[in-house]
Amino acid sequence: MTFSSTALVAIGLLLAAWTVGAAWMMIAAGAKASKAEGSRKAARRMARMIDEAPAIPLMVRADGRIEGSDRLAGWLGLEKLPQYLSELDGGLGGEGKGLSAGQLRDLTEHVGRVQKTAAPFRMAITPPGSQRSLALRGVLADPQVSPGGAALVWIFDFSESESELSRLREEAARARGDFGALVGLIEAAPMPMWFRGPDTQLRLVNKAYVEAVGAKDADSAVIDQAELIESVDGLTAAQIAGQAADKNLPIERVVSVTIDGQRRSMRVSDLPLGAEGIAGYAVDIEEMEEQSRQFRAFRDAQRSILDQLSIGVGQFDGGRKLIFANQPFRRIFELNSGVVAQSLEFERFLANARDTGRTPEVRDFPTWRAEHAEWFASGETQEEAWPLSDGTHLRMIAQPMPDGGLVLIAEDRTEQLALSATRDTLLRTRTATFDSLFEALAVFAPDGKLQLWNRSFAGTWGLDPEQLDAHPAAPELLEAIAPNLENPKQAKGIGEVIRAATLDRKERGGRIALADGRTLEFAGIPLPDGNGLLTVLDVTANEQAEAALRDRNKALEAADEVKTQFLANMSYEFRTPLTSIGGFAELLEAGVAGDLSDQGKEYVTAILESVSRLTEQVENVLDLSQSEAGLLPLAKERLDMFPFVTGIVQGRAEAIEAAGLELDLRGSKASGKVDADPRQLGRAIGQLLDNAIAATPSGGKILVDVSKPKGTAQIVISDNGCGMTQQELARALEGQGGEKRQGLGIPLARQLVEAHGGTLEMESRTGEGTAAIIRLT
């Protein structure tokens with residue numbers, strides 16, 4: 001088949017056009033592919049940007065379908081994002097994932113409102129079981145994005161911001177609390193406090209400031225600019241505060257302030273606070289100043305007292321310099337009185353003490369001194385004994401002080417050591433003395449324990465000496481003693497005596513019989529040191545001697561009774577013939593037998609005087625024997641003392657005149673009255689008066705004084721004769737006579753006075769005379 005040239009041309013043109021069209025289509029397809037690839041890349045970039053963005057979009061269509069990123073599912077705790085909004089709660093079995101029912105309900109309501117009214121919404125949620133905080137912002141989606149009224153919800157994760165906000169809120173709350181507490185503290189502070197602005201004007205004051213300036217309240221004090229501190233050297237408190245602010249340095253000063261009408265010392269401080277202003281406060285130091293003054297006075301008094309002690313006391317400060325040394329300290333270490341003013345260092349002090357021989361002899365003195373310098377930092381009390389070369393023994397005590405100083409105490413114990421040696425000697429002497437005593441001795445402590453005993457103690461009680469070596473208590477000792485007693489139950493009485501001496505501090509005693517026939521007498525005596533002494537004496541021999549003496553005393557009493565009866569009988573027997581002799585002599589004197597010659601009359605007179613004197617002696621013997629036996633009859637009556645005694649004295653006036661004596665009778669009706677037998681009391685006074693007449697030489701004087709001192713009737717009969725020695729007076733009181741005094745006069749007078757319940761006291765001095773004093777109640 002052949003084609004024409006026209007056909008070939010047409011075919012050529014058609015092929016060319018097809019080729020061109022194919023080429024164009026290929027070019028157009030390539031351009032579209034390139035554009036599509038660019039769109040895909042842009043979409044991927046956009047999706048990546050959305051994934052990396054802090055917010056995730058969620059599209060909610062009108063039918064409830066949702067579109068969003070899987071990252072949102074992770075935020076909500078879901079494995080993948082569901083298809084519908086209603087499934088964001090995790091569905092069945094999705095507890096702890098997705099939104100809670102209440103959160104989903106609120107979100108559904110907000111989305112529906114946006115779709116209907118196009119009104120945006122905001123809400124914040126925290127998915128259950130998650131620490132993530134989400135903020136939701138919902139708007140109506142652009143029709144180009146999703147036509148048909150879809151809602152676009154942007155979800156933001158603000159967990160970190162929320163934590164930071166919570167922290168900031170907590171810090172703010174804490175700061176507000178701290179500020180409130182600080183304000184309360186400043187307000188309650190007992191010291192005045194204030195705050196000034198940059199212009200030095202008062203802005204704030206506390207309650208103490210208000211009370212100090214006497215303002216109505218804090219506002220009034222600020223408005224009135226009531227200053228607490230007065231001007232000093234022409235500068236007000238505000239000006240001084242301004243200086244502190246200008247220099248940016250605190251200023252502190254002590255000023256006097258008037259508070260409640262009283263001047264008080266206060267330490268005032270102004271503290272600049274930068275551009276904010278100046279704070280200030282005032283501390284009342286009046287009591288501190290007073291305490292400081294009292295401390296200084298106490299320190300001076302203490303140092304004055306330390307000067308009076310016999311113990312040396314020296315004080316070094318933290319710089320190891322001597323700041324105090326009392327007189328004994330200076331004397332012991334041979335320091336002059338100005339050593340404190342010289343601020344002597346401790347090391348130098350030791351060196352000087354060594355030079356004067358007041359430290360022990362040591363081989364390496366520098367090392368010894370360095371060791372003692374460490375006392376300052378030891379923190380503990382140090383004690384040493386320093387034996388000196390001159391025989392002195394010092395006891396050194398070093399007490400570190402809190403301020404780094406040191407108190408050094410030096411006690412001279414030379415005498416104490418000598419006394420200790422003497423004490424040891426005395427103790428040994430005491431022990432030897434105890435052991436040599438005939439009595440058994442034991443010392444018990446207040447707790448009843450046996451402390452000391454002598455050798456004879458164990459043997460006296462029949463104990464083994466080894467039983468006492470353990471220092472047994474009183475109950476244990478009594479338990480060992482009880483079997484050796486005649487009556488073991490009486491051991492309790494010994495314990496009571498020990499208890500009385502140690503605890504009750506009373507002396508008690510007793511007597512006890514042992515099983516071996518011996519008798520012991522014991523006594524408990526309190527000792528000054530609080531212990532008790534038990535003394536035990538074997539009185540077996542004494543008891544036997546006492547029994548013998550009792551028997552002999554009974555025999556003597558019987559003999560005395562026989563003597564008394566004999567004297568009474570003899571007196572009676574003597575009285576009868578004497579009465580007859582006197583009667584016959586009186587008849588002869590009366591001339592019944594005829595007239596007598598002068599010589600016969602003298603004989604008769606002598607016979608009558610002898611009979612009278614002998615009769616009187618017989619009566620005295622009889623009365624004396626009756627008085628000694630307590631059988632003297634008394635016929636008492638009320639006697640006026642001065643007239644009674646006057647009558648007795650007048651009855652002897654002739655004898656006094658014949659002896660050439662002077663009589664001095666004193667007394668009055670004020671001498672009082674007594675109940676007495678006038679015959680027997682008169683005989684007693686007469687016997688004493690007769691003795692005084694007989695013992696006083698011619699020209700002498702007899703004094704009779706009747707008085708009533710302190711309600712007691714008193715009769716004094718004294719003479720200025722030659723007097724008697726004490727031996728002669730003793731014999732006269734026993735009826736053996738003395739001087740010219742009658743033998744039975746004084747003993748009889750004493751018996752008669754004592755029979756009346758009175759006393760007779762005799763006083764005599766050789767060459768001065770004798771006085772007899774009768775006292776009757």
# chains A, B, ... in the order shown; residues from 1 in each chain; ligands from 1

call {"tool": "residues_around", "arguments": {"residues": "Ile746 in chain A", "least_positions_apart": "3", "cutoff": "7 Å", "atoms": "only C-alpha atoms", "output": "PyMOL selection string"}}
result
chain A and resi 687-688+732-733+735+749-750

call {"tool": "residues_around", "arguments": {"residues": "Asp224 in chain A", "least_positions_apart": "5", "cutoff": "10 Å", "atoms": "only C-alpha atoms", "output": "ChimeraX atom specification"}}
result
/A:202,215,218-219

call {"tool": "select_by_dssp", "arguments": {"residues": "range 97-317 of chain A", "states": "strand (DSSP E or B)", "output": "ChimeraX atom specification"}}
result
/A:121-125,134-140,151-157,193-196,202-205,232,235,251-259,262-272,278-284,312-316

call {"tool": "residues_around", "arguments": {"residues": "Met401 in chain A", "least_positions_apart": "4", "cutoff": "10 Å", "atoms": "only C-alpha atoms", "output": "PyMOL selection string"}}
result
chain A and resi 315-318+376-377+379-381+405-407

call {"tool": "write_last_selection", "arguments": {"atoms": "C-alpha atoms", "output": "PDB file, in the first residue's frame"}}
result
ATOM      1  CA  GLN A 315      44.015  34.325 138.474  1.00  0.00           C
ATOM      2  CA  PHE A 316      45.406  34.464 134.937  1.00  0.00           C
ATOM      3  CA  ASP A 317      43.345  35.773 132.002  1.00  0.00           C
ATOM      4  CA  GLY A 318      42.979  34.274 128.517  1.00  0.00           C
ATOM      5  CA  PHE A 376      45.039  26.576 130.304  1.00  0.00           C
ATOM      6  CA  ALA A 377      43.636  24.345 127.557  1.00  0.00           C
ATOM      7  CA  GLY A 379      39.503  21.698 130.302  1.00  0.00           C
ATOM      8  CA  GLU A 380      39.838  19.723 133.550  1.00  0.00           C
ATOM      9  CA  THR A 381      40.936  20.566 137.071  1.00  0.00           C
ATOM     10  CA  GLY A 405      42.062  31.835 131.754  1.00  0.00           C
ATOM     11  CA  LEU A 406      43.247  29.853 134.757  1.00  0.00           C
ATOM     12  CA  VAL A 407      42.711  30.056 138.519  1.00  0.00           C
TER      13      VAL A 407
END

call {"tool": "residues_around", "arguments": {"residues": "range 456-466 of chain A", "least_positions_apart": "4", "cutoff": "12 Å", "atoms": "only C-alpha atoms", "output": "JSON, numbers by chain"}}
result
{"A": [433, 434, 435, 436, 437, 438, 439, 440, 441, 442, 443, 450, 452, 470, 471, 472, 477, 478, 479, 480, 481, 482, 483, 484, 485, 486, 491, 494, 512, 513, 514, 515, 516, 518, 519, 520, 521, 522, 534, 535, 536, 537, 538, 539, 540]}

call {"tool": "atom_distance", "arguments": {"atom1": "CA of Ile525 in chain A", "atom2": "CA of Thr431 in chain A"}}
result
18.7 Å

call {"tool": "select_by_dssp", "arguments": {"residues": "range 230-275 of chain A", "states": "helix (DSSP H, G or I)", "output": "list in words"}}
result
Ala237, Ala238, Gln239, Ile240, Ala241, Gly242, Gln243, Ala244, Ala245, Asp246, Lys247, Gly274 and Ala275 of chain A

call {"tool": "residues_around", "arguments": {"residues": "Val153 in chain A", "least_positions_apart": "3", "cutoff": "10 Å", "atoms": "only C-alpha atoms", "output": "PyMOL selection string"}}
result
chain A and resi 55-60+68+107+111+114+120-122+136-141+150+156

call {"tool": "residues_around", "arguments": {"residues": "Gly699 in chain A", "least_positions_apart": "5", "cutoff": "7 Å", "atoms": "only C-alpha atoms", "output": "ChimeraX atom specification"}}
result
/A:660-662

call {"tool": "write_last_selection", "arguments": {"atoms": "N, CA, C and O atoms", "output": "compact mmCIF listing (two decimals), in the first residue's frame"}}
result
# COMPACT_ATOMS: atom_id res chain seq x y z
N GLY A 660 32.53 41.52 228.59
CA GLY A 660 33.10 42.75 228.02
C GLY A 660 32.92 42.85 226.53
O GLY A 660 33.83 43.34 225.83
N LEU A 661 31.75 42.39 226.02
CA LEU A 661 31.51 42.38 224.57
C LEU A 661 30.48 43.43 224.18
O LEU A 661 29.66 43.85 225.00
N GLU A 662 30.53 43.81 222.93
CA GLU A 662 29.57 44.76 222.35
C GLU A 662 28.57 43.98 221.53
O GLU A 662 28.94 43.13 220.72

call {"tool": "atom_distance", "arguments": {"atom1": "CA of Gln726 in chain A", "atom2": "CA of Thr696 in chain A"}}
result
18.2 Å

call {"tool": "residues_around", "arguments": {"residues": "Gly274 in chain A", "least_positions_apart": "5", "cutoff": "12 Å", "atoms": "only C-alpha atoms", "output": "list in words"}}
result
Arg196, Gly197, Pro198, Gly242, Ala244, Ala245, Asp246, Lys247, Asn248, Leu249, Pro250 and Ala279 of chain A

call {"tool": "write_last_selection", "arguments": {"atoms": "C-alpha atoms", "output": "short mmCIF file (atom, residue, chain, number, x, y, z; two decimals), in the first residue's frame"}}
result
data_model
loop_
_atom_site.label_atom_id
_atom_site.label_comp_id
_atom_site.auth_asym_id
_atom_site.auth_seq_id
_atom_site.Cartn_x
_atom_site.Cartn_y
_atom_site.Cartn_z
CA ARG A 196 12.39 55.23 108.88
CA GLY A 197 11.98 55.96 105.22
CA PRO A 198 14.78 57.27 103.00
CA GLY A 242 20.60 59.85 108.15
CA ALA A 244 23.98 55.80 109.11
CA ALA A 245 22.19 55.75 105.73
CA ASP A 246 24.78 58.04 104.08
CA LYS A 247 27.69 55.95 105.32
CA ASN A 248 25.79 52.68 104.80
CA LEU A 249 27.14 51.60 108.20
CA PRO A 250 25.21 50.79 111.38
CA ALA A 279 15.64 50.34 110.88
#

call {"tool": "closest_residue", "arguments": {"among": "A:Leu427, A:Ala325, A:Val339, A:Ala370", "to": "Ile409 in chain A", "atoms": "only C-alpha atoms"}}
result
A:Ala325

call {"tool": "atom_distance", "arguments": {"atom1": "CA of Gly493 in chain A", "atom2": "CA of Arg505 in chain A"}}
result
16.3 Å
